[in-house]
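A.B. asks: What follows is input.cif, mmCIF, C-alpha atoms and all ligand atoms.
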```
data_entry
#
loop_
_atom_site.label_atom_id
_atom_site.label_comp_id
_atom_site.auth_asym_id
_atom_site.auth_seq_id
_atom_site.Cartn_x
_atom_site.Cartn_y
_atom_site.Cartn_z
CA MET A 1 -98.15 -135.49 97.61
CA LEU A 2 -96.28 -132.40 96.43
CA PRO A 3 -92.58 -133.01 95.77
CA ILE A 4 -91.95 -130.25 98.30
CA GLN A 5 -93.72 -132.31 100.97
CA GLU A 6 -91.37 -135.20 100.32
CA ILE A 7 -88.28 -132.99 100.41
CA VAL A 8 -89.09 -131.32 103.73
CA GLU A 9 -89.50 -134.73 105.37
CA LYS A 10 -86.06 -135.94 104.29
CA GLU A 11 -83.47 -136.70 106.96
CA ASN A 12 -80.71 -134.83 105.10
CA LEU A 13 -81.22 -132.09 102.54
CA THR A 14 -78.86 -131.99 99.56
CA LYS A 15 -77.85 -128.78 97.84
CA GLU A 16 -80.26 -129.69 95.03
CA ASP A 17 -83.11 -130.12 97.55
CA ILE A 18 -82.33 -126.74 99.05
CA VAL A 19 -82.35 -125.03 95.66
CA THR A 20 -85.73 -126.66 94.93
CA LEU A 21 -87.10 -125.32 98.22
CA LEU A 22 -85.67 -121.87 97.58
CA THR A 23 -87.25 -121.68 94.13
CA VAL A 24 -90.80 -122.86 94.88
CA LYS A 25 -93.25 -121.18 92.56
CA THR A 26 -96.57 -121.24 94.42
CA LYS A 27 -97.83 -119.96 97.76
CA GLU A 28 -99.11 -123.45 98.51
CA GLU A 29 -95.62 -124.89 98.17
CA GLN A 30 -94.08 -122.11 100.25
CA ASP A 31 -96.67 -122.71 102.97
CA VAL A 32 -95.72 -126.41 103.11
CA LEU A 33 -92.12 -125.39 103.76
CA LEU A 34 -92.91 -122.71 106.34
CA GLN A 35 -95.36 -124.93 108.22
CA LYS A 36 -92.83 -127.74 108.40
CA ALA A 37 -90.19 -125.33 109.73
CA ASN A 38 -92.60 -124.01 112.33
CA ALA A 39 -93.39 -127.56 113.46
CA VAL A 40 -89.66 -128.35 113.74
CA LYS A 41 -89.17 -125.21 115.77
CA GLU A 42 -92.02 -126.10 118.12
CA GLN A 43 -90.63 -129.59 118.61
CA PHE A 44 -87.00 -128.63 119.19
CA VAL A 45 -86.95 -125.15 120.71
CA GLY A 46 -90.62 -124.59 121.63
CA LYS A 47 -92.97 -121.69 120.97
CA LYS A 48 -90.79 -119.34 123.00
CA VAL A 49 -89.20 -116.15 121.75
CA TYR A 50 -85.95 -114.87 123.21
CA LEU A 51 -85.51 -111.11 123.41
CA ARG A 52 -82.14 -109.44 122.98
CA GLY A 53 -82.02 -105.71 123.61
CA LEU A 54 -80.02 -104.16 120.78
CA ILE A 55 -77.60 -101.31 121.48
CA GLU A 56 -76.06 -99.69 118.39
CA LEU A 57 -73.02 -98.39 120.20
CA SER A 58 -71.38 -96.40 117.42
CA ASN A 59 -71.61 -95.93 113.66
CA ILE A 60 -67.93 -95.12 113.32
CA CYS A 61 -66.39 -97.76 111.11
CA GLY A 62 -62.97 -98.23 109.56
CA LYS A 63 -64.23 -100.41 106.71
CA ASN A 64 -65.92 -99.83 103.38
CA CYS A 65 -68.21 -102.74 102.58
CA PHE A 66 -69.95 -101.85 99.32
CA TYR A 67 -73.48 -102.51 100.66
CA CYS A 68 -73.34 -100.66 103.96
CA GLY A 69 -74.77 -97.23 104.73
CA ILE A 70 -72.29 -96.50 107.53
CA ARG A 71 -69.17 -97.40 105.54
CA ALA A 72 -66.20 -95.12 106.30
CA GLU A 73 -66.35 -93.28 102.97
CA ASN A 74 -70.01 -92.31 103.29
CA ASN A 75 -69.72 -88.64 104.22
CA ASN A 76 -73.50 -88.24 104.39
CA THR A 77 -73.66 -90.05 107.71
CA LYS A 78 -73.42 -88.11 110.94
CA ARG A 79 -71.10 -90.13 113.16
CA TYR A 80 -71.85 -90.87 116.83
CA ASN A 81 -70.47 -92.81 119.73
CA ILE A 82 -72.79 -93.41 122.68
CA PRO A 83 -71.01 -92.52 125.94
CA ASP A 84 -70.61 -95.32 128.48
CA GLU A 85 -72.98 -93.64 130.97
CA GLU A 86 -75.80 -93.74 128.42
CA VAL A 87 -75.07 -97.37 127.62
CA VAL A 88 -75.25 -98.13 131.32
CA GLU A 89 -78.67 -96.43 131.44
CA VAL A 90 -79.86 -98.67 128.61
CA ILE A 91 -78.64 -101.72 130.51
CA ARG A 92 -80.56 -100.59 133.59
CA PHE A 93 -83.66 -100.11 131.44
CA ALA A 94 -83.20 -103.58 129.92
CA LYS A 95 -82.79 -105.11 133.36
CA SER A 96 -85.92 -103.44 134.72
CA ASN A 97 -87.88 -104.71 131.71
CA GLN A 98 -86.96 -108.34 132.36
CA PHE A 99 -84.45 -108.62 129.53
CA SER A 100 -81.76 -111.16 130.26
CA SER A 101 -79.67 -110.48 127.21
CA VAL A 102 -78.31 -107.57 125.18
CA VAL A 103 -76.48 -107.26 121.88
CA ILE A 104 -73.82 -104.59 121.49
CA GLN A 105 -73.26 -103.74 117.85
CA SER A 106 -70.95 -101.18 116.32
CA GLY A 107 -69.00 -100.21 113.25
CA GLU A 108 -65.70 -102.07 113.14
CA LEU A 109 -62.73 -100.51 114.91
CA CYS A 110 -59.53 -102.32 115.76
CA ASN A 111 -57.42 -100.31 118.14
CA PHE A 112 -56.25 -100.41 121.72
CA ALA A 113 -58.64 -97.71 122.96
CA PHE A 114 -61.69 -99.43 121.46
CA THR A 115 -60.67 -102.84 122.85
CA LYS A 116 -60.22 -101.45 126.35
CA ARG A 117 -63.43 -99.44 126.19
CA ILE A 118 -65.42 -102.57 125.38
CA THR A 119 -63.67 -104.50 128.15
CA ARG A 120 -64.58 -101.80 130.68
CA LEU A 121 -68.14 -101.71 129.42
CA LEU A 122 -68.48 -105.47 129.76
CA GLU A 123 -67.19 -105.30 133.32
CA LYS A 124 -69.71 -102.55 134.14
CA ILE A 125 -72.53 -104.60 132.66
CA GLN A 126 -71.53 -107.60 134.75
CA ASN A 127 -71.55 -105.40 137.87
CA ILE A 128 -74.92 -103.80 137.19
CA SER A 129 -76.57 -107.05 136.25
CA GLU A 130 -74.91 -109.03 139.03
CA GLU A 131 -73.74 -111.36 136.28
CA GLN A 132 -77.37 -112.03 135.36
CA PHE A 133 -76.99 -110.92 131.75
CA ARG A 134 -75.87 -112.60 128.59
CA VAL A 135 -74.00 -110.22 126.32
CA THR A 136 -73.65 -110.74 122.58
CA LEU A 137 -71.01 -108.68 120.82
CA SER A 138 -71.19 -107.81 117.14
CA LEU A 139 -68.04 -105.75 116.70
CA GLY A 140 -66.50 -107.29 113.62
CA GLU A 141 -63.12 -108.83 113.02
CA GLN A 142 -60.66 -108.60 115.90
CA SER A 143 -57.50 -110.36 116.99
CA GLU A 144 -57.71 -113.59 118.96
CA GLU A 145 -56.26 -111.75 121.94
CA THR A 146 -59.05 -109.18 121.84
CA TYR A 147 -61.76 -111.82 121.46
CA ARG A 148 -60.29 -113.61 124.49
CA GLU A 149 -60.12 -110.42 126.53
CA TRP A 150 -63.80 -109.69 125.86
CA TYR A 151 -64.79 -113.29 126.57
CA ASN A 152 -62.99 -113.15 129.90
CA ALA A 153 -64.70 -109.81 130.68
CA GLY A 154 -68.14 -111.40 130.32
CA ALA A 155 -69.17 -111.62 126.66
CA GLN A 156 -70.60 -115.05 125.94
CA ARG A 157 -71.87 -114.70 122.38
CA TYR A 158 -70.45 -113.19 119.22
CA LEU A 159 -72.19 -112.46 115.94
CA LEU A 160 -69.99 -112.11 112.85
CA ARG A 161 -71.97 -112.26 109.65
CA ILE A 162 -70.14 -113.72 106.68
CA GLU A 163 -72.68 -111.89 104.43
CA SER A 164 -71.94 -114.35 101.63
CA SER A 165 -70.10 -117.63 102.00
CA ASP A 166 -69.13 -117.57 98.32
CA ARG A 167 -65.57 -116.25 97.96
CA GLU A 168 -66.18 -114.66 94.57
CA LEU A 169 -69.37 -112.93 95.64
CA TYR A 170 -67.71 -111.82 98.88
CA ARG A 171 -64.96 -110.20 96.82
CA THR A 172 -67.58 -108.44 94.68
CA LEU A 173 -69.20 -107.00 97.80
CA HIS A 174 -66.00 -105.67 99.35
CA PRO A 175 -62.95 -103.65 98.38
CA ASN A 176 -60.08 -105.84 97.28
CA ASN A 177 -57.68 -105.32 100.18
CA LYS A 178 -56.45 -106.94 103.38
CA LEU A 179 -59.05 -105.21 105.50
CA HIS A 180 -61.85 -106.99 103.65
CA ASP A 181 -60.42 -110.47 103.31
CA TYR A 182 -62.75 -113.48 103.18
CA GLU A 183 -60.20 -115.86 104.69
CA ALA A 184 -59.58 -113.52 107.62
CA ARG A 185 -63.29 -113.38 108.35
CA LEU A 186 -63.60 -117.13 108.22
CA LYS A 187 -60.63 -117.49 110.56
CA CYS A 188 -62.30 -115.12 113.03
CA LEU A 189 -65.38 -117.34 113.12
CA GLN A 190 -63.23 -120.36 113.85
CA VAL A 191 -61.32 -118.52 116.57
CA LEU A 192 -64.57 -117.42 118.22
CA LYS A 193 -65.76 -121.00 118.36
CA ARG A 194 -62.45 -122.22 119.72
CA ILE A 195 -62.47 -119.63 122.52
CA GLY A 196 -65.89 -120.85 123.64
CA TYR A 197 -68.28 -118.17 122.41
CA GLN A 198 -71.72 -119.10 121.18
CA ALA A 199 -70.88 -118.16 117.62
CA GLY A 200 -73.31 -116.60 115.18
CA THR A 201 -73.19 -115.65 111.56
CA GLY A 202 -75.56 -114.65 108.78
CA VAL A 203 -75.93 -113.58 105.18
CA MET A 204 -77.78 -111.09 103.04
CA ILE A 205 -80.48 -112.48 100.81
CA GLY A 206 -81.22 -111.12 97.34
CA LEU A 207 -77.88 -109.44 96.67
CA PRO A 208 -76.86 -108.36 93.19
CA PHE A 209 -75.03 -111.23 91.41
CA GLN A 210 -76.24 -113.76 94.01
CA THR A 211 -77.65 -117.05 92.72
CA PHE A 212 -79.97 -119.57 94.39
CA GLU A 213 -76.99 -121.93 94.42
CA ASN A 214 -75.03 -119.32 96.41
CA LEU A 215 -77.84 -119.18 98.96
CA ALA A 216 -78.02 -122.97 99.21
CA ASP A 217 -74.26 -122.96 99.82
CA ASP A 218 -74.73 -120.30 102.51
CA LEU A 219 -77.08 -122.59 104.41
CA LEU A 220 -74.74 -125.55 104.05
CA PHE A 221 -71.85 -123.32 105.15
CA MET A 222 -73.70 -122.54 108.40
CA LYS A 223 -74.38 -126.21 108.94
CA ASN A 224 -70.81 -127.27 108.20
CA LEU A 225 -69.45 -124.57 110.47
CA ASP A 226 -71.81 -125.94 113.14
CA ILE A 227 -72.91 -122.46 114.03
CA ASP A 228 -74.97 -121.76 117.19
CA MET A 229 -77.03 -118.78 116.08
CA VAL A 230 -77.93 -116.95 112.89
CA GLY A 231 -79.17 -113.50 111.96
CA MET A 232 -79.94 -113.15 108.26
CA GLY A 233 -82.33 -111.05 106.26
CA PRO A 234 -83.11 -109.49 102.91
CA TYR A 235 -80.57 -107.25 101.24
CA ILE A 236 -82.01 -103.73 101.15
CA GLU A 237 -80.12 -101.20 99.12
CA HIS A 238 -78.79 -97.90 100.44
CA GLU A 239 -78.33 -95.07 97.98
CA ASP A 240 -75.01 -93.87 99.45
CA THR A 241 -73.26 -97.15 98.66
CA PRO A 242 -71.42 -98.45 95.58
CA LEU A 243 -73.77 -101.44 95.31
CA TYR A 244 -76.73 -99.11 94.72
CA GLN A 245 -75.79 -98.86 91.04
CA TYR A 246 -76.97 -102.46 90.56
CA ARG A 247 -80.45 -101.87 92.04
CA GLU A 248 -82.15 -102.46 88.67
CA SER A 249 -80.83 -106.02 88.64
CA LEU A 250 -82.32 -106.95 92.02
CA LEU A 251 -85.26 -109.24 92.65
CA PRO A 252 -88.43 -107.27 93.49
CA ILE A 253 -88.47 -106.45 97.18
CA LYS A 254 -91.46 -108.74 97.90
CA ASP A 255 -89.55 -111.66 96.33
CA ARG A 256 -86.52 -110.90 98.50
CA PHE A 257 -88.82 -110.98 101.51
CA ASP A 258 -90.33 -114.37 100.60
CA LEU A 259 -86.90 -115.73 99.80
CA SER A 260 -85.71 -114.64 103.24
CA LEU A 261 -88.60 -116.51 104.89
CA ARG A 262 -87.69 -119.61 102.90
CA MET A 263 -84.04 -119.26 103.95
CA ILE A 264 -85.10 -119.11 107.62
CA ALA A 265 -87.40 -122.10 107.19
CA ILE A 266 -84.80 -124.27 105.46
CA LEU A 267 -82.20 -123.36 108.06
CA ARG A 268 -84.59 -124.39 110.84
CA ILE A 269 -85.06 -127.78 109.13
CA LEU A 270 -81.30 -128.14 108.66
CA MET A 271 -80.28 -126.95 112.14
CA LYS A 272 -83.17 -127.74 114.43
CA ASP A 273 -81.94 -126.43 117.77
CA ILE A 274 -79.99 -123.26 116.93
CA ASN A 275 -81.18 -119.72 117.64
CA ILE A 276 -82.41 -117.84 114.57
CA ALA A 277 -83.29 -114.15 114.64
CA SER A 278 -86.27 -112.64 112.90
CA THR A 279 -84.47 -109.51 111.75
CA THR A 280 -85.56 -105.90 111.53
CA ALA A 281 -84.85 -105.95 107.78
CA LEU A 282 -87.89 -108.23 107.35
CA GLN A 283 -90.09 -105.63 109.02
CA SER A 284 -88.76 -102.88 106.81
CA ILE A 285 -90.37 -104.65 103.84
CA ASP A 286 -93.54 -105.96 105.49
CA PRO A 287 -95.07 -104.40 108.64
CA GLU A 288 -95.69 -107.94 109.90
CA GLY A 289 -92.28 -109.14 108.75
CA ARG A 290 -90.94 -110.11 112.13
CA GLU A 291 -94.09 -112.11 113.03
CA LYS A 292 -93.77 -113.90 109.71
CA GLY A 293 -90.12 -114.62 110.47
CA LEU A 294 -91.13 -116.23 113.77
CA LEU A 295 -93.73 -118.35 112.01
CA ALA A 296 -91.11 -119.45 109.47
CA GLY A 297 -88.88 -120.88 112.20
CA ALA A 298 -87.08 -117.95 113.87
CA ASN A 299 -87.06 -117.77 117.69
CA VAL A 300 -85.17 -114.55 118.54
CA LEU A 301 -86.20 -110.89 118.37
CA MET A 302 -83.93 -107.94 118.96
CA PRO A 303 -85.89 -104.84 120.06
CA ASN A 304 -83.81 -101.76 119.48
CA LEU A 305 -82.89 -100.07 122.78
CA THR A 306 -80.48 -97.56 121.25
CA PRO A 307 -81.40 -94.08 122.59
CA LEU A 308 -83.67 -92.40 120.06
CA LYS A 309 -81.36 -89.45 119.34
CA TYR A 310 -78.79 -91.80 117.74
CA ARG A 311 -81.19 -94.12 115.99
CA ASP A 312 -81.47 -92.54 112.54
CA ASN A 313 -77.69 -92.48 112.08
CA TYR A 314 -77.31 -96.26 112.24
CA MET A 315 -78.69 -96.76 108.75
CA LEU A 316 -77.08 -99.87 107.35
CA TYR A 317 -79.84 -99.88 104.71
CA GLU A 318 -82.77 -97.65 103.75
CA ASN A 319 -86.22 -97.48 105.40
CA LYS A 320 -84.97 -99.14 108.56
CA PRO A 321 -88.00 -99.39 110.86
CA GLY A 322 -88.22 -98.32 114.51
CA VAL A 323 -86.24 -95.14 113.99
CA PHE A 324 -88.90 -93.08 115.75
CA GLN A 325 -89.79 -95.61 118.45
CA ASP A 326 -88.20 -94.98 121.83
CA GLU A 327 -87.04 -97.82 124.09
CA GLU A 328 -90.40 -98.14 125.87
CA GLU A 329 -92.29 -98.20 122.57
CA SER A 330 -89.84 -100.76 121.17
CA VAL A 331 -90.58 -103.09 124.08
CA VAL A 332 -94.36 -102.65 123.79
CA TYR A 333 -94.17 -103.20 120.05
CA ILE A 334 -92.07 -106.34 120.33
CA LYS A 335 -94.47 -107.87 122.85
CA LYS A 336 -97.26 -107.26 120.35
CA VAL A 337 -95.21 -109.02 117.66
CA VAL A 338 -94.74 -112.07 119.90
CA ASN A 339 -98.44 -112.19 120.83
CA SER A 340 -99.65 -111.91 117.30
CA ALA A 341 -97.40 -114.82 116.30
CA GLY A 342 -99.18 -116.84 119.06
CA GLU A 343 -95.95 -117.31 121.00
CA GLU A 344 -94.63 -116.27 124.39
CA ILE A 345 -91.56 -114.44 125.63
CA ALA A 346 -89.06 -116.78 127.24
CA GLN A 347 -87.85 -115.84 130.70
CA ASP A 348 -84.47 -117.59 130.65
CA TYR A 349 -81.17 -116.45 129.09
CA GLY A 350 -81.95 -118.12 125.79
CA ASP A 351 -78.59 -119.78 125.29
CA SER A 352 -78.46 -121.69 122.04
CA LEU A 353 -79.65 -125.24 122.78
CA HIS A 354 -77.32 -126.38 120.05
CA PHE A 355 -74.38 -124.85 121.91
CA LYS A 356 -75.48 -126.29 125.24
CA LYS A 357 -75.75 -129.79 123.80
CA LYS A 358 -72.27 -129.53 122.31
CA ARG A 359 -70.94 -128.41 125.67
CA GLN A 360 -72.49 -131.44 127.40
CA PHE A 361 -70.46 -133.71 125.18
S1 LIG B 401 -70.86 -103.83 107.22
FE1 LIG B 401 -69.88 -103.53 109.21
S2 LIG B 401 -67.68 -103.47 108.76
FE2 LIG B 401 -68.73 -103.18 106.79
S3 LIG B 401 -68.83 -100.96 106.56
FE3 LIG B 401 -70.75 -101.61 107.56
S4 LIG B 401 -70.40 -101.43 109.76
FE4 LIG B 401 -68.41 -101.34 108.72
#
```
Could I get this file's structure written as structure tokens?
Ligand code: SF4
C.D. replies:
Amino acid sequence: MLPIQEIVEKENLTKEDIVTLLTVKTKEEQDVLLQKANAVKEQFVGKKVYLRGLIELSNICGKNCFYCGIRAENNNTKRYNIPDEEVVEVIRFAKSNQFSSVVIQSGELCNFAFTKRITRLLEKIQNISEEQFRVTLSLGEQSEETYREWYNAGAQRYLLRIESSDRELYRTLHPNNKLHDYEARLKCLQVLKRIGYQAGTGVMIGLPFQTFENLADDLLFMKNLDIDMVGMGPYIEHEDTPLYQYRESLLPIKDRFDLSLRMIAILRILMKDINIASTTALQSIDPEGREKGLLAGANVLMPNLTPLKYRDNYMLYENKPGVFQDEEESVVYIKKVVNSAGEEIAQDYGDSLHFKKKRQF
């Protein structure tokens, strides 16, 4: 038996086990890991894929994360803000295409007008959908009061990626100021959980200066935080960012892709009943990236429903796929992805089973 086969069958994985799984050398070993993760997924969450329609509300951001293409200081990005009426149209489209969930993502803004705008939008969504929709927000760090206001207006899920759980690496990836403070981000995640959101986080995989130990710690961080959902994918550089200068030190892109699949697979083994997204970043490296993510243990896809005219200005990283696919084409494409992975689209809301079980207790 391969040592990998013994490790994946263990009840609890240690950090050392995780590093061994992350650093497998052969395709045969990687396949053992991915197949085990897929079997765990089938047993605990089934062969169902949950769709979340993604709306990239605005690329206006007040922050300057060193890896991000829409950072405030990138003057090469044309800024946009989708008017509420157009967002409402997207919601109607999602509803008529049997979506039961949307994700609203935006650059990070913390001000009264933005808070109230989101509250109004959530109330409109609840009206249109007759409260038949689950809404995930991904709008960055906010005050507890704001998170509560949005929760009370109908948001049930919140995604706040930690990007790296290692404090030192986090500091390397962000400007050294109050606006980009690791502890503040961590506190936000704890507040979100306390309020009652299904809380999600995620990391980038294959960053400059990142070690396999850092990635193992990221997975253990998610487990210790008892997170309900995760969206993580390969780091892909963007030339208008400070981190681009380190591109020569990166793992080859194919290795970052495989490493991302292994991260998904290990997370599925560690946290059997959470929701894990197969992210668009996987597809930007491999045309079948999202299918491969599903087969490695992911169970969520997020077809992009952002109106086409805004799409190419939400470039967090380069070569983002789907920029020329309109909403209808996105839906057709995503159904193809699910079919080719031999799975089916779930018809329910797709709440995290992990979250639901916690609630029962
Ligand atoms: S990662 Fe988020 S908060 Fe940071 S610059 Fe990009 S959009 Fe803004």
A.B. asks: Which residue gives the smallest distance to Pro287 in chain A among A:Ile227, A:Val32, A:Leu159, A:Val337, with all atoms listed in the file counted?
C.D. replies: A:Val337
A.B. asks: Considering all atoms listed in the file, return as an MDAnalysis selection string whatever protein or nucleic-acid residues lie within 6 Å of range 298-312 of chain A, sequence-local ones (same chain, fewer than 3 positions apart) excluded.
C.D. replies: chainID A and resid 49:56 276:278 293:294 323 326:327 330
A.B. asks: What residues of the protein or nucleic acid chains come within 12 Å of ligand LIG 401 (chain B) when you use only C-alpha atoms and all ligand atoms? Reply as a count of residues only.
C.D. replies: 59
A.B. asks: Using Å and a single decimal, report how far CA of Asp228 in chain A sits from CA of Gln98 in chain A.
C.D. replies: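 Computed distance, CA of Gln98 in chain A to CA of Asp228 in chain A, equals 23.5 Å.
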A.B. asks: Of the residues A:Thr14, A:Asn97, A:Asn224, A:Thr23, which is the one nearest to Thr211 in chain A, using all atoms listed in the file?
C.D. replies: A:Thr23
A.B. asks: My structure is short of atoms at range 242-265 of chain A; please model N, CA and C atoms there, returning them as an mmCIF file, in the coordinates of the input.
C.D. replies:
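Once written, out.cif looks like this:
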```cif
data_model
loop_
_atom_site.group_PDB
_atom_site.id
_atom_site.type_symbol
_atom_site.label_atom_id
_atom_site.label_comp_id
_atom_site.auth_asym_id
_atom_site.auth_seq_id
_atom_site.Cartn_x
_atom_site.Cartn_y
_atom_site.Cartn_z
ATOM 1 N N PRO A 242 -71.773 -98.056 96.960
ATOM 2 C CA PRO A 242 -71.420 -98.450 95.580
ATOM 3 C C PRO A 242 -72.365 -99.502 94.997
ATOM 4 N N LEU A 243 -72.917 -100.364 95.839
ATOM 5 C CA LEU A 243 -73.770 -101.440 95.310
ATOM 6 C C LEU A 243 -75.116 -100.919 94.772
ATOM 7 N N TYR A 244 -75.441 -99.698 95.120
ATOM 8 C CA TYR A 244 -76.730 -99.110 94.720
ATOM 9 C C TYR A 244 -76.869 -99.059 93.200
ATOM 10 N N GLN A 245 -75.722 -98.962 92.515
ATOM 11 C CA GLN A 245 -75.790 -98.860 91.040
ATOM 12 C C GLN A 245 -76.384 -100.107 90.392
ATOM 13 N N TYR A 246 -76.436 -101.209 91.136
ATOM 14 C CA TYR A 246 -76.970 -102.460 90.560
ATOM 15 C C TYR A 246 -78.432 -102.693 90.954
ATOM 16 N N ARG A 247 -79.102 -101.664 91.487
ATOM 17 C CA ARG A 247 -80.450 -101.870 92.040
ATOM 18 C C ARG A 247 -81.440 -102.390 90.996
ATOM 19 N N GLU A 248 -81.208 -102.019 89.717
ATOM 20 C CA GLU A 248 -82.150 -102.460 88.670
ATOM 21 C C GLU A 248 -82.087 -103.974 88.474
ATOM 22 N N SER A 249 -80.982 -104.584 88.881
ATOM 23 C CA SER A 249 -80.830 -106.020 88.640
ATOM 24 C C SER A 249 -81.388 -106.871 89.789
ATOM 25 N N LEU A 250 -81.881 -106.201 90.838
ATOM 26 C CA LEU A 250 -82.320 -106.950 92.020
ATOM 27 C C LEU A 250 -83.664 -107.622 91.821
ATOM 28 N N LEU A 251 -83.921 -108.657 92.597
ATOM 29 C CA LEU A 251 -85.260 -109.240 92.650
ATOM 30 C C LEU A 251 -86.203 -108.180 93.226
ATOM 31 N N PRO A 252 -87.489 -108.199 92.834
ATOM 32 C CA PRO A 252 -88.430 -107.270 93.490
ATOM 33 C C PRO A 252 -88.395 -107.478 95.008
ATOM 34 N N ILE A 253 -88.659 -106.412 95.725
ATOM 35 C CA ILE A 253 -88.470 -106.450 97.180
ATOM 36 C C ILE A 253 -89.334 -107.532 97.854
ATOM 37 N N LYS A 254 -90.557 -107.722 97.325
ATOM 38 C CA LYS A 254 -91.460 -108.740 97.900
ATOM 39 C C LYS A 254 -90.851 -110.141 97.713
ATOM 40 N N ASP A 255 -90.194 -110.358 96.581
ATOM 41 C CA ASP A 255 -89.550 -111.660 96.330
ATOM 42 C C ASP A 255 -88.371 -111.866 97.277
ATOM 43 N N ARG A 256 -87.641 -110.782 97.556
ATOM 44 C CA ARG A 256 -86.520 -110.900 98.500
ATOM 45 C C ARG A 256 -87.049 -111.251 99.898
ATOM 46 N N PHE A 257 -88.200 -110.687 100.216
ATOM 47 C CA PHE A 257 -88.820 -110.980 101.510
ATOM 48 C C PHE A 257 -89.197 -112.465 101.603
ATOM 49 N N ASP A 258 -89.909 -112.954 100.581
ATOM 50 C CA ASP A 258 -90.330 -114.370 100.600
ATOM 51 C C ASP A 258 -89.130 -115.300 100.602
ATOM 52 N N LEU A 259 -88.116 -114.919 99.849
ATOM 53 C CA LEU A 259 -86.900 -115.730 99.800
ATOM 54 C C LEU A 259 -86.235 -115.793 101.177
ATOM 55 N N SER A 260 -86.288 -114.683 101.892
ATOM 56 C CA SER A 260 -85.710 -114.640 103.240
ATOM 57 C C SER A 260 -86.485 -115.572 104.179
ATOM 58 N N LEU A 261 -87.816 -115.583 104.059
ATOM 59 C CA LEU A 261 -88.600 -116.510 104.890
ATOM 60 C C LEU A 261 -88.240 -117.949 104.563
ATOM 61 N N ARG A 262 -88.039 -118.233 103.286
ATOM 62 C CA ARG A 262 -87.690 -119.610 102.900
ATOM 63 C C ARG A 262 -86.299 -119.980 103.425
ATOM 64 N N MET A 263 -85.384 -119.008 103.399
ATOM 65 C CA MET A 263 -84.040 -119.260 103.950
ATOM 66 C C MET A 263 -84.135 -119.613 105.445
ATOM 67 N N ILE A 264 -84.937 -118.846 106.186
ATOM 68 C CA ILE A 264 -85.100 -119.110 107.620
ATOM 69 C C ILE A 264 -85.685 -120.515 107.819
ATOM 70 N N ALA A 265 -86.712 -120.806 107.036
ATOM 71 C CA ALA A 265 -87.400 -122.100 107.190
ATOM 72 C C ALA A 265 -86.465 -123.268 106.885
#
```
